[in-house]
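Dumped entry15.txt below, it's compact mmCIF, C-alpha atoms:
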# COMPACT_ATOMS: atom_id res chain seq x y z
CA MET A 4 10.28 8.97 1.15
CA THR A 5 6.51 8.88 0.54
CA ARG A 6 6.10 9.66 -3.16
CA PHE A 7 3.37 7.00 -3.42
CA ALA A 8 1.53 7.94 -0.22
CA GLY A 9 -2.20 7.38 -0.52
CA GLN A 10 -1.86 5.24 -3.64
CA ILE A 11 -2.71 1.59 -4.09
CA ALA A 12 -0.32 -0.65 -6.02
CA LEU A 13 -1.34 -4.12 -7.17
CA VAL A 14 1.58 -6.47 -7.88
CA THR A 15 1.25 -9.96 -9.34
CA GLY A 16 3.76 -12.55 -8.22
CA GLY A 17 4.63 -10.35 -5.27
CA THR A 18 6.04 -12.94 -2.85
CA SER A 19 9.47 -13.53 -4.39
CA GLY A 20 12.10 -12.22 -6.78
CA ILE A 21 11.40 -9.01 -8.66
CA GLY A 22 7.82 -8.91 -7.39
CA GLU A 23 8.89 -9.02 -3.76
CA ALA A 24 11.43 -6.23 -4.36
CA VAL A 25 8.72 -4.14 -6.03
CA VAL A 26 6.35 -4.72 -3.11
CA ARG A 27 8.96 -3.68 -0.54
CA SER A 28 9.92 -0.59 -2.54
CA PHE A 29 6.34 0.60 -2.98
CA ALA A 30 5.55 0.01 0.69
CA ALA A 31 8.69 1.89 1.77
CA GLN A 32 7.52 4.84 -0.30
CA GLY A 33 4.07 5.03 1.22
CA ALA A 34 1.88 2.91 -1.05
CA LYS A 35 -0.70 0.41 0.11
CA VAL A 36 0.32 -2.77 -1.68
CA ALA A 37 -1.88 -5.68 -2.69
CA ILE A 38 -0.58 -8.87 -4.26
CA LEU A 39 -1.96 -11.64 -6.42
CA SER A 40 0.06 -14.84 -6.16
CA ASN A 41 -0.27 -18.58 -6.43
CA ALA A 42 2.17 -18.98 -3.53
CA PRO A 43 1.08 -21.06 -0.52
CA GLN A 44 -1.25 -19.25 1.84
CA ASP A 45 1.36 -19.19 4.62
CA GLU A 46 3.65 -17.14 2.35
CA LEU A 47 0.83 -14.67 1.70
CA ASP A 48 0.12 -14.46 5.42
CA ALA A 49 3.83 -13.84 6.09
CA ALA A 50 3.87 -11.05 3.51
CA ILE A 51 0.98 -9.33 5.27
CA ALA A 52 2.60 -9.88 8.67
CA SER A 53 5.79 -8.21 7.40
CA GLY A 54 3.92 -4.93 7.06
CA SER A 55 4.74 -4.46 3.37
CA VAL A 56 1.49 -5.96 2.09
CA ALA A 57 -1.96 -4.63 2.90
CA ALA A 58 -3.96 -7.34 1.10
CA ALA A 59 -3.18 -10.61 -0.65
CA ARG A 60 -5.16 -13.08 -2.70
CA GLN A 61 -4.10 -16.58 -3.69
CA VAL A 62 -4.98 -16.99 -7.34
CA ASP A 63 -3.79 -18.61 -10.55
CA ILE A 64 -3.73 -15.65 -12.93
CA ALA A 65 -4.36 -18.03 -15.85
CA ASP A 66 -7.93 -18.34 -14.52
CA ALA A 67 -9.81 -15.27 -15.81
CA ASP A 68 -12.82 -15.71 -13.50
CA ALA A 69 -10.64 -16.16 -10.43
CA VAL A 70 -8.65 -13.05 -11.35
CA ALA A 71 -11.80 -10.96 -11.76
CA HIS A 72 -13.07 -12.15 -8.38
CA ALA A 73 -9.73 -11.49 -6.65
CA VAL A 74 -9.39 -7.97 -8.08
CA ALA A 75 -12.99 -7.13 -7.11
CA SER A 76 -12.31 -8.40 -3.59
CA ILE A 77 -9.18 -6.24 -3.26
CA GLU A 78 -11.06 -3.20 -4.57
CA THR A 79 -13.69 -3.76 -1.89
CA GLU A 80 -11.05 -4.07 0.83
CA LEU A 81 -8.58 -1.33 -0.17
CA GLY A 82 -10.03 0.57 -3.11
CA ALA A 83 -9.16 0.53 -6.79
CA ALA A 84 -5.54 0.22 -7.84
CA ASP A 85 -3.71 3.33 -9.00
CA ILE A 86 -0.80 1.21 -10.19
CA LEU A 87 -0.62 -2.31 -11.61
CA VAL A 88 2.62 -4.27 -12.00
CA ASN A 89 2.13 -7.36 -14.16
CA ASN A 90 5.09 -9.36 -12.90
CA ALA A 91 3.94 -12.96 -12.33
CA ALA A 92 5.46 -15.46 -14.74
CA ILE A 93 6.75 -18.98 -15.17
CA TRP A 94 9.82 -20.24 -16.99
CA GLN A 95 10.83 -23.74 -17.98
CA PRO A 96 13.01 -24.68 -20.95
CA ASN A 97 11.08 -26.34 -23.78
CA PRO A 98 13.40 -27.43 -26.61
CA VAL A 99 11.44 -28.30 -29.75
CA PRO A 100 10.27 -30.78 -31.01
CA ASP A 101 10.47 -32.68 -27.72
CA SER A 102 8.55 -30.12 -25.66
CA PRO A 103 5.05 -31.12 -24.54
CA ILE A 104 2.38 -28.91 -26.05
CA ALA A 105 0.93 -28.43 -22.57
CA LEU A 106 4.16 -26.74 -21.44
CA PHE A 107 3.96 -24.21 -24.28
CA ASP A 108 0.29 -23.59 -23.52
CA ARG A 109 0.99 -23.04 -19.83
CA HIS A 110 3.57 -20.33 -20.59
CA ILE A 111 1.07 -18.51 -22.81
CA ASP A 112 -1.73 -18.98 -20.27
CA VAL A 113 0.24 -17.55 -17.33
CA ASN A 114 2.71 -15.10 -18.80
CA LEU A 115 0.63 -13.57 -21.58
CA LYS A 116 -3.03 -14.32 -20.99
CA GLY A 117 -2.64 -13.93 -17.23
CA SER A 118 -1.22 -10.44 -17.68
CA PHE A 119 -4.16 -9.63 -19.96
CA TYR A 120 -6.72 -10.96 -17.47
CA VAL A 121 -5.36 -8.89 -14.58
CA THR A 122 -5.14 -5.77 -16.74
CA GLN A 123 -8.68 -6.25 -17.99
CA ALA A 124 -9.93 -6.56 -14.41
CA VAL A 125 -8.12 -3.44 -13.20
CA LEU A 126 -8.77 -1.13 -16.16
CA PRO A 127 -12.46 -0.21 -15.62
CA ALA A 128 -11.74 1.60 -12.35
CA MET A 129 -8.69 3.33 -13.83
CA ILE A 130 -10.72 4.47 -16.85
CA ALA A 131 -13.52 5.74 -14.61
CA ARG A 132 -10.97 7.73 -12.62
CA GLY A 133 -9.20 8.94 -15.78
CA GLU A 134 -5.78 7.93 -14.49
CA GLY A 135 -3.65 4.86 -13.92
CA ARG A 136 -0.24 3.40 -14.47
CA ILE A 137 0.46 -0.15 -15.65
CA ILE A 138 3.92 -1.69 -15.90
CA PHE A 139 4.37 -5.03 -17.63
CA VAL A 140 7.42 -7.17 -16.89
CA SER A 141 8.62 -8.90 -20.06
CA SER A 142 12.19 -10.18 -20.62
CA VAL A 143 15.17 -9.78 -22.90
CA SER A 144 14.15 -13.24 -24.10
CA GLY A 145 11.10 -11.53 -25.56
CA ILE A 146 13.36 -9.17 -27.51
CA ALA A 147 16.15 -11.44 -28.72
CA GLY A 148 14.93 -15.00 -28.20
CA ARG A 149 16.94 -17.82 -26.70
CA ALA A 150 17.54 -21.39 -27.85
CA GLY A 151 15.42 -23.82 -25.88
CA ASP A 152 13.04 -21.13 -24.64
CA SER A 153 10.45 -20.84 -27.41
CA ALA A 154 7.50 -20.87 -25.00
CA TYR A 155 8.93 -18.32 -22.58
CA SER A 156 10.33 -16.09 -25.33
CA ALA A 157 7.11 -16.10 -27.34
CA SER A 158 5.01 -15.36 -24.25
CA LYS A 159 7.26 -12.50 -23.19
CA ALA A 160 7.36 -11.02 -26.70
CA GLY A 161 3.57 -11.05 -26.53
CA VAL A 162 3.66 -9.24 -23.19
CA ALA A 163 5.74 -6.43 -24.69
CA MET A 164 3.41 -6.05 -27.67
CA LEU A 165 0.38 -6.18 -25.36
CA ALA A 166 1.83 -3.24 -23.45
CA ARG A 167 2.42 -1.24 -26.63
CA THR A 168 -1.01 -2.01 -28.08
CA LEU A 169 -2.79 -1.12 -24.85
CA THR A 170 -0.85 2.14 -24.75
CA ALA A 171 -2.36 3.15 -28.08
CA GLU A 172 -5.79 2.09 -26.87
CA GLN A 173 -5.79 3.32 -23.28
CA GLY A 174 -3.31 6.22 -23.28
CA PRO A 175 -5.92 8.78 -24.38
CA LYS A 176 -8.04 7.70 -21.41
CA GLY A 177 -5.29 8.68 -18.96
CA ILE A 178 -3.73 5.24 -18.49
CA ARG A 179 0.04 5.28 -18.86
CA ILE A 180 1.49 1.88 -19.79
CA ASN A 181 5.09 0.75 -20.16
CA CYS A 182 7.10 -2.47 -20.23
CA VAL A 183 10.38 -3.54 -18.61
CA CYS A 184 12.53 -6.33 -20.09
CA PRO A 185 14.98 -7.58 -17.45
CA GLY A 186 18.09 -9.53 -18.28
CA ALA A 187 19.51 -12.10 -15.86
CA VAL A 188 18.25 -11.30 -12.36
CA ALA A 189 18.95 -13.24 -9.17
CA THR A 190 15.49 -14.64 -8.44
CA PRO A 191 14.06 -18.08 -7.67
CA LEU A 192 13.16 -18.30 -11.37
CA THR A 193 16.84 -18.24 -12.33
CA ALA A 194 18.12 -20.40 -9.46
CA GLY A 195 18.88 -23.24 -11.86
CA LEU A 196 21.19 -20.96 -13.85
CA ARG A 197 23.11 -19.67 -10.85
CA THR A 198 25.70 -22.44 -10.91
CA PRO A 199 29.41 -22.33 -11.76
CA ALA A 200 28.62 -23.48 -15.30
CA GLY A 201 25.78 -20.96 -15.63
CA GLU A 202 27.89 -18.09 -14.37
CA GLN A 203 30.69 -19.09 -16.73
CA ALA A 204 28.27 -18.93 -19.67
CA ILE A 205 26.97 -15.54 -18.58
CA ALA A 206 30.51 -14.27 -18.02
CA ALA A 207 31.29 -15.15 -21.65
CA MET A 208 28.26 -13.17 -22.82
CA MET A 209 29.30 -10.20 -20.70
CA GLU A 210 32.82 -9.85 -22.12
CA ASN A 211 31.75 -7.12 -24.52
CA LEU A 212 28.95 -5.54 -22.52
CA PRO A 213 29.00 -1.76 -22.09
CA SER A 214 28.14 -1.97 -18.39
CA PRO A 215 31.25 -1.61 -16.21
CA ARG A 216 29.72 -3.64 -13.38
CA ARG A 217 30.12 -7.06 -15.01
CA GLN A 218 27.48 -8.59 -12.75
CA PHE A 219 26.59 -12.23 -13.28
CA PHE A 220 23.03 -11.57 -12.11
CA MET A 221 21.42 -8.23 -11.38
CA ASP A 222 19.76 -7.61 -8.03
CA PRO A 223 15.93 -7.54 -8.10
CA THR A 224 15.99 -4.06 -6.56
CA GLN A 225 17.59 -2.72 -9.75
CA ILE A 226 14.48 -3.73 -11.68
CA ALA A 227 12.21 -2.51 -8.87
CA ASP A 228 13.83 0.93 -9.04
CA LEU A 229 13.01 1.15 -12.75
CA ILE A 230 9.43 0.00 -12.20
CA LEU A 231 8.87 2.59 -9.50
CA TYR A 232 10.26 5.27 -11.80
CA LEU A 233 7.77 4.25 -14.48
CA ALA A 234 4.98 4.42 -11.90
CA SER A 235 6.00 7.90 -10.77
CA PRO A 236 5.25 11.38 -12.17
CA GLN A 237 8.95 11.72 -13.06
CA SER A 238 8.30 9.44 -16.06
CA SER A 239 5.18 11.27 -17.25
CA ALA A 240 6.52 11.55 -20.82
CA VAL A 241 7.16 7.80 -21.10
CA HIS A 242 4.31 5.96 -22.85
CA GLY A 243 4.47 2.55 -24.51
CA ALA A 244 8.19 2.11 -23.92
CA VAL A 245 9.76 -1.35 -23.96
CA ILE A 246 12.88 -0.88 -21.86
CA ALA A 247 15.67 -3.44 -21.71
CA ALA A 248 17.28 -3.50 -18.26
CA ASP A 249 20.02 -5.98 -19.07
CA GLU A 250 23.45 -4.39 -18.52
CA GLY A 251 23.51 -3.65 -22.27
CA LEU A 252 23.21 -7.28 -23.39
CA THR A 253 20.69 -6.78 -26.20
CA ALA A 254 22.47 -3.63 -27.38
CA THR A 255 25.59 -5.61 -28.16
CA MET A 256 24.22 -8.92 -29.43
Whole structure, structure tokens version:
Amino acid sequence: MTRFAGQIALVTGGTSGIGEAVVRSFAAQGAKVAILSNAPQDELDAAIASGSVAAARQVDIADADAVAHAVASIETELGAADILVNNAAIWQPNPVPDSPIALFDRHIDVNLKGSFYVTQAVLPAMIARGEGRIIFVSSVSGIAGRAGDSAYSASKAGVAMLARTLTAEQGPKGIRINCVCPGAVATPLTAGLRTPAGEQAIAAMMENLPSPRRQFFMDPTQIADLILYLASPQSSAVHGAVIAADEGLTATM
């Protein structure tokens, strides 16, 4: 399948988890994929060697100047992005009042401000072309909140509202923007939860879920499939949506 042939997709955090699944899916469907990641350079080199990635830049997306430079460099190498997937994020529990302020700040800097910086860098070329698609990756924690996760939940709630606000602002210019809120997904970010005790806790939450699959953790490709749908013409009527992909968790809380 080549429904994204000739298009350039920029994915942040594209070396692992949901980002890696998104990269592989776009590449399999004909897109040229570029990634922004703070992963070690050897991981970026391996991603390019795999054939799924056409260009990669090592960057901390919390650094606005570094982001602008990296995006400009990718545009010079491949051309301007048709699609942006704001996926990069951090997560670390921060129960209050014991949480260091720096930990809260870092979540906002990476998850929320980083997504803004990348979007701001990519938008001018999309606006000039009169077309573009941007998908933000938030979380069900940004919809419902979770004890001990004030920093992550607040940052991800901000990501969802950023997507909706930018839709109102940029939609008339031809930029279609949406947001995905995954539930528990089997990624390196959730490795600490994928223990017998963690699965027992999730199993308890899933007792009344509408999904018949009863999965402890979703596969990253399930989220990638949704992101590619939102990047495709098949979702042309979907603007500013905040979509929970969580086996029905938030619908039944």
Quick one, how far is CA of Thr170 (chain A) from CA of His110 (chain A)?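 Atom-to-atom, CA of Thr170 (chain A) to CA of His110 (chain A), that is 23.3 Å.
Of the listed residues (A:Ala187, A:Ile130, A:Ala105, A:Ala31), A:Ile130 comes nearest to Pro175 (chain A); the distances count all atoms listed in the file.
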When you draw a straight line from CA of Ile11 (chain A) to CA of Gln44 (chain A), how long is it in Å? 21.7 Å
Counting only C-alpha atoms, which residue out of A:Asn181, A:Ser158, A:Ser76, A:Asn90 sits closest to Ala124 (chain A)? A:Ser76
Which one is closest to Thr5 (chain A): A:Cys182, A:Val26, A:Ala34, A:Ala227? Count only C-alpha atoms.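 The shortest atom-to-atom distance to Thr5 (chain A) comes from A:Ala34.
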Once you count only C-alpha atoms, what closest atom pair and distance in Å to one decimal does each residue of region 39-126 of chain A within 9 Å of region 230-240 of chain A have, with rows by chain and rising residue number, as JSON lines?
{"residue": "A:Ile86", "atom": "CA", "partner": "A:Ala234", "partner_atom": "CA", "distance": 6.8}
{"residue": "A:Leu87", "atom": "CA", "partner": "A:Ala234", "partner_atom": "CA", "distance": 8.8}
{"residue": "A:Val88", "atom": "CA", "partner": "A:Ile230", "partner_atom": "CA", "distance": 8.0}
Selected residues, C-alpha atoms, written as a short mmCIF file (atom, residue, chain, number, x, y, z; two decimals), keeping the file's coordinate frame, please.
data_model
loop_
_atom_site.label_atom_id
_atom_site.label_comp_id
_atom_site.auth_asym_id
_atom_site.auth_seq_id
_atom_site.Cartn_x
_atom_site.Cartn_y
_atom_site.Cartn_z
CA ILE A 86 -0.80 1.21 -10.19
CA LEU A 87 -0.62 -2.31 -11.61
CA VAL A 88 2.62 -4.27 -12.00
#
Quick one: pull the distance between CA of Pro43 (chain A) and CA of Ile93 (chain A), Å, one decimal. 15.8 Å
Please provide the set of residues having any atom within 8 Å of Ala157 (chain A), restricted to only C-alpha atoms, with same-chain residues fewer than 3 positions apart removed, written as a VMD selection string. chain A and resid 111 145 148 153 to 154 160 to 161
